Amino acid sequence: MTRINVTVDGVGYEDEVEPRTLLVHYLRETLGKTGTVVGCDTSNCGACTVHLDGRSVKSCNVLAVQADGHEVTTIEGLAQDGELHPMQQAFHDCHALQCGYCTPGMIMQAIDVLNDNPHPTEQEIRVGLEGNLCRCTGYHNIVKAVQEAAGAGAAAPSGAQGGDRS
């Protein structure tokens, strides 16, 4: 076992983990952060996307020990004082989901897209989201939601910049 110290959604945690534990499993099974979903376990779908030090990562492709000493933001950490993050609100307002399985990862990646480019074109949004798959919507309303959130000045709650499309 390896001891890690990690801040998740603004709360510090110190835990013993198996060195091979994936971040997605640590978040879900140890911390109960079930909004971060397991999609493919191969980093192909993006459903498990979270922010690690303000940059999007697919948590099925990151070991929990790699998050030691770092800050993780999950979908549960976006809302502040009972108010949805502007990206969450835009997804709601634009009906940018159907089954909702991809939505947490899609929202986290969409925030990262706006951190890289606060005023993206439709094509830039599509390229920025290409590592996150949705089997239901056809992406039209997802793109519309990102455009709406851009107009509302959506940014990561930590204020961190950048994006890693790994």
# chains A, B, ... in the order shown; residues from 1 in each chain; ligands from 1

$ residues_around --residues "stretch 130-137 of chain A" --least-positions-apart "4" --cutoff "9 Å" --atoms "only C-alpha atoms" --output "list in words"
Ser43, Asn44, Cys45, Gly46, Ala47, Thr49, Ala96, Leu97, Gln98, Cys99, Gly100, Tyr101, Cys102, Thr103, Gly105, Met106, Gln109, Ile125, Arg126, Asn141, Ile142, Arg165 and Ser166 of chain A

$ select_by_dssp --residues "stretch 16-153 of chain A" --states "alpha helix (DSSP H)" --output "PyMOL selection string"
chain A and resi 23-25+86-93+103-116+122-128+140-151

$ residues_around --residues "A:Val143" --least-positions-apart "3" --cutoff "7 Å" --atoms "only C-alpha atoms" --output "tab-separated table (two decimals) with N, CA and C atoms, in the first residue's frame"
chain	number	residue	atom	x	y	z
A	122	GLU	N	-17.48	27.03	-33.45
A	122	GLU	CA	-18.13	25.72	-33.38
A	122	GLU	C	-17.12	24.61	-33.70
A	125	ILE	N	-14.79	23.97	-30.79
A	125	ILE	CA	-15.47	23.22	-29.73
A	125	ILE	C	-15.50	21.74	-30.09
A	126	ARG	N	-15.87	21.44	-31.32
A	126	ARG	CA	-15.95	20.04	-31.75
A	126	ARG	C	-14.58	19.36	-31.65
A	139	TYR	N	-24.30	15.53	-30.68
A	139	TYR	CA	-23.42	16.63	-30.29
A	139	TYR	C	-23.96	18.03	-30.55
A	140	HIS	N	-25.03	18.19	-31.32
A	140	HIS	CA	-25.51	19.53	-31.65
A	140	HIS	C	-25.80	20.36	-30.39
A	146	VAL	N	-21.88	24.59	-24.94
A	146	VAL	CA	-20.54	25.16	-24.75
A	146	VAL	C	-20.51	26.59	-25.26
A	147	GLN	N	-21.18	26.85	-26.37
A	147	GLN	CA	-21.25	28.23	-26.88
A	147	GLN	C	-21.98	29.13	-25.88

$ select_by_dssp --residues "stretch 16-139 of chain A" --states "strand (DSSP E)" --output "JSON, numbers by chain"
{"A": [16, 17, 49, 50, 51, 52, 55, 56, 57, 58, 71, 72, 73]}

$ write_last_selection --atoms "N, CA, C and O atoms" --output "PDB file, in the first residue's frame"
ATOM      1  N   GLU A  16      -4.480   5.210   2.157  1.00  0.00           N
ATOM      2  CA  GLU A  16      -3.597   4.144   1.706  1.00  0.00           C
ATOM      3  C   GLU A  16      -4.248   3.526   0.470  1.00  0.00           C
ATOM      4  O   GLU A  16      -5.430   3.176   0.505  1.00  0.00           O
ATOM      5  N   VAL A  17      -3.502   3.425  -0.615  1.00  0.00           N
ATOM      6  CA  VAL A  17      -4.030   2.838  -1.845  1.00  0.00           C
ATOM      7  C   VAL A  17      -3.041   1.826  -2.407  1.00  0.00           C
ATOM      8  O   VAL A  17      -1.835   1.933  -2.182  1.00  0.00           O
ATOM      9  N   THR A  49     -13.604  11.851 -17.297  1.00  0.00           N
ATOM     10  CA  THR A  49     -12.773  13.059 -17.283  1.00  0.00           C
ATOM     11  C   THR A  49     -12.982  13.873 -16.015  1.00  0.00           C
ATOM     12  O   THR A  49     -14.115  14.146 -15.601  1.00  0.00           O
ATOM     13  N   VAL A  50     -11.873  14.238 -15.385  1.00  0.00           N
ATOM     14  CA  VAL A  50     -11.838  15.130 -14.222  1.00  0.00           C
ATOM     15  C   VAL A  50     -10.747  16.163 -14.477  1.00  0.00           C
ATOM     16  O   VAL A  50     -10.026  16.077 -15.472  1.00  0.00           O
ATOM     17  N   HIS A  51     -10.617  17.107 -13.575  1.00  0.00           N
ATOM     18  CA  HIS A  51      -9.510  18.059 -13.667  1.00  0.00           C
ATOM     19  C   HIS A  51      -8.466  17.694 -12.620  1.00  0.00           C
ATOM     20  O   HIS A  51      -8.802  17.470 -11.454  1.00  0.00           O
ATOM     21  N   LEU A  52      -7.227  17.616 -13.049  1.00  0.00           N
ATOM     22  CA  LEU A  52      -6.080  17.388 -12.180  1.00  0.00           C
ATOM     23  C   LEU A  52      -5.240  18.653 -12.252  1.00  0.00           C
ATOM     24  O   LEU A  52      -4.703  18.975 -13.319  1.00  0.00           O
ATOM     25  N   ARG A  55      -6.373  20.831 -15.138  1.00  0.00           N
ATOM     26  CA  ARG A  55      -6.246  20.339 -16.510  1.00  0.00           C
ATOM     27  C   ARG A  55      -7.044  19.054 -16.644  1.00  0.00           C
ATOM     28  O   ARG A  55      -7.006  18.202 -15.768  1.00  0.00           O
ATOM     29  N   SER A  56      -7.738  18.896 -17.746  1.00  0.00           N
ATOM     30  CA  SER A  56      -8.560  17.699 -17.916  1.00  0.00           C
ATOM     31  C   SER A  56      -7.683  16.475 -18.120  1.00  0.00           C
ATOM     32  O   SER A  56      -6.686  16.513 -18.841  1.00  0.00           O
ATOM     33  N   VAL A  57      -8.061  15.401 -17.441  1.00  0.00           N
ATOM     34  CA  VAL A  57      -7.421  14.100 -17.607  1.00  0.00           C
ATOM     35  C   VAL A  57      -8.507  13.040 -17.579  1.00  0.00           C
ATOM     36  O   VAL A  57      -9.563  13.227 -16.965  1.00  0.00           O
ATOM     37  N   LYS A  58      -8.256  11.951 -18.237  1.00  0.00           N
ATOM     38  CA  LYS A  58      -9.158  10.808 -18.170  1.00  0.00           C
ATOM     39  C   LYS A  58      -8.707   9.976 -16.977  1.00  0.00           C
ATOM     40  O   LYS A  58      -7.618   9.408 -16.984  1.00  0.00           O
ATOM     41  N   GLU A  71      -4.393  18.483  -6.810  1.00  0.00           N
ATOM     42  CA  GLU A  71      -5.797  18.846  -6.622  1.00  0.00           C
ATOM     43  C   GLU A  71      -6.637  18.268  -7.755  1.00  0.00           C
ATOM     44  O   GLU A  71      -6.319  18.454  -8.932  1.00  0.00           O
ATOM     45  N   VAL A  72      -7.699  17.560  -7.372  1.00  0.00           N
ATOM     46  CA  VAL A  72      -8.622  16.964  -8.332  1.00  0.00           C
ATOM     47  C   VAL A  72      -9.968  17.654  -8.188  1.00  0.00           C
ATOM     48  O   VAL A  72     -10.446  17.866  -7.078  1.00  0.00           O
ATOM     49  N   THR A  73     -10.566  18.005  -9.309  1.00  0.00           N
ATOM     50  CA  THR A  73     -11.930  18.530  -9.312  1.00  0.00           C
ATOM     51  C   THR A  73     -12.791  17.566 -10.102  1.00  0.00           C
ATOM     52  O   THR A  73     -12.462  17.226 -11.245  1.00  0.00           O
TER      53      THR A  73
END

$ closest_residue --among "A:Ala149, A:Val38, A:Leu22, A:Val11" --to "A:Cys94" --atoms "only C-alpha atoms"
A:Ala149

$ atom_distance --atom1 "atom CA of A:Gly77" --atom2 "atom CA of A:Met1"
27.2 Å
